[in-house]
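Each remark here refers to the structure printed beneath this line.
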Amino acid sequence: MAGVALLATLSACGSGDTSSAASSSSIDGVQTYGNLSRNHTTEDVDYPQTPPVGGDHDPQWLDCTGTVYDQPVRDENAVHSLEHGAVWITYNDDATDADVKSLATRVQGQPYTLMSPYPDEPGTIELTAWGLQLTVDNADDPRIDKFLEAYRQGPQTPEPGATCEAGDMS
């Protein structure tokens with residue numbers, strides 16, 4: 001009977017709410033999403049999160065070698081970078097110039113990171129890794145560095161060690 005109870009407990013632990021922060025880490029506010037597909041498609045994908053945290057994606061990834069994009073990027077390419085273990089930092093028009101500059105300093109030259117504006121995102125600043133997302137109000141939030149440390153090539157990475165260098169986007 002104890003074996004059945006143990007099995008039931010293990011099953012319950014593995015099937016928890018995939019959007020709860022408790023299962024992701026000790027970083028307050030991190031949302032976790034599971035059951036993400038990993039199919040390649042050249043079609044546009046309708047993602048349930050904004051910005052997306054994973055799912056079907058373009059066969060080509062974005063350069064995520066510490067790249068700061070000054071224009072919005074295509075979701076499907078950014079999601080492929082997440083699959084490789086990148087952290088994608090995005091921001092909307094509520095972010096101050098000082099916020100953007102501070103974030104860019106954290107990204108530039110850092111492997112497995114990229115940054116871009118995302119005008120339609122609900123939070124001022126979003127940090128996204130495969131299946132994980134954190135919303136913050138400004139670049140002074142200490143959780144930003146904790147997120148980068150925990151999830152850049154972190155345990156959630158489906159393809160750890162895959163390149164983040166730009167491929168042929170033609």
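Residues in the structure tokens are numbered from 1 in each chain, the chains being A, B, ... in the order shown, and ligands are numbered from 1 in the order shown.
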
Find the residues of segment 30-140 of chain A that sit at most 7 Å from segment 144-156 of chain A; for each, write down the nearest two atoms and how far apart they are in Å, to one decimal. Count only C-alpha atoms. Sort by chain, then by number going up, and give it as JSON lines.
{"residue": "A:Gly85", "atom": "CA", "partner": "A:Gln153", "partner_atom": "CA", "distance": 4.3}
{"residue": "A:Ala86", "atom": "CA", "partner": "A:Arg152", "partner_atom": "CA", "distance": 5.5}
{"residue": "A:Val87", "atom": "CA", "partner": "A:Arg152", "partner_atom": "CA", "distance": 5.5}
{"residue": "A:Tyr112", "atom": "CA", "partner": "A:Arg152", "partner_atom": "CA", "distance": 6.1}
{"residue": "A:Ala129", "atom": "CA", "partner": "A:Tyr151", "partner_atom": "CA", "distance": 6.4}
{"residue": "A:Trp130", "atom": "CA", "partner": "A:Gln156", "partner_atom": "CA", "distance": 6.3}

Find the spatial neighbours of Leu132 of chain A, counting only C-alpha atoms, within a cut-off of 7 Å - ignore same-chain residues fewer than 2 positions away - and output them as a list of chain:residue names.
A:Val30, A:Gln31, A:Thr32, A:Tyr33, A:Val53, A:Thr128, A:Ala129, A:Trp130

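Proximity ranking of A:Glu83, A:Asp99, A:Asp140, A:Asp94 relative to Glu159 of chain A places A:Glu83 first, based on only C-alpha atoms.
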
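The shell of residues at most 9 Å from Tyr118 of chain A, with only C-alpha atoms counted and near chain neighbours (fewer than 6 positions) removed, consists of Thr50, Pro51, Gln71, Pro72, Val73, Thr90, Tyr91, Asn92, Asp93 and Ile125 of chain A.
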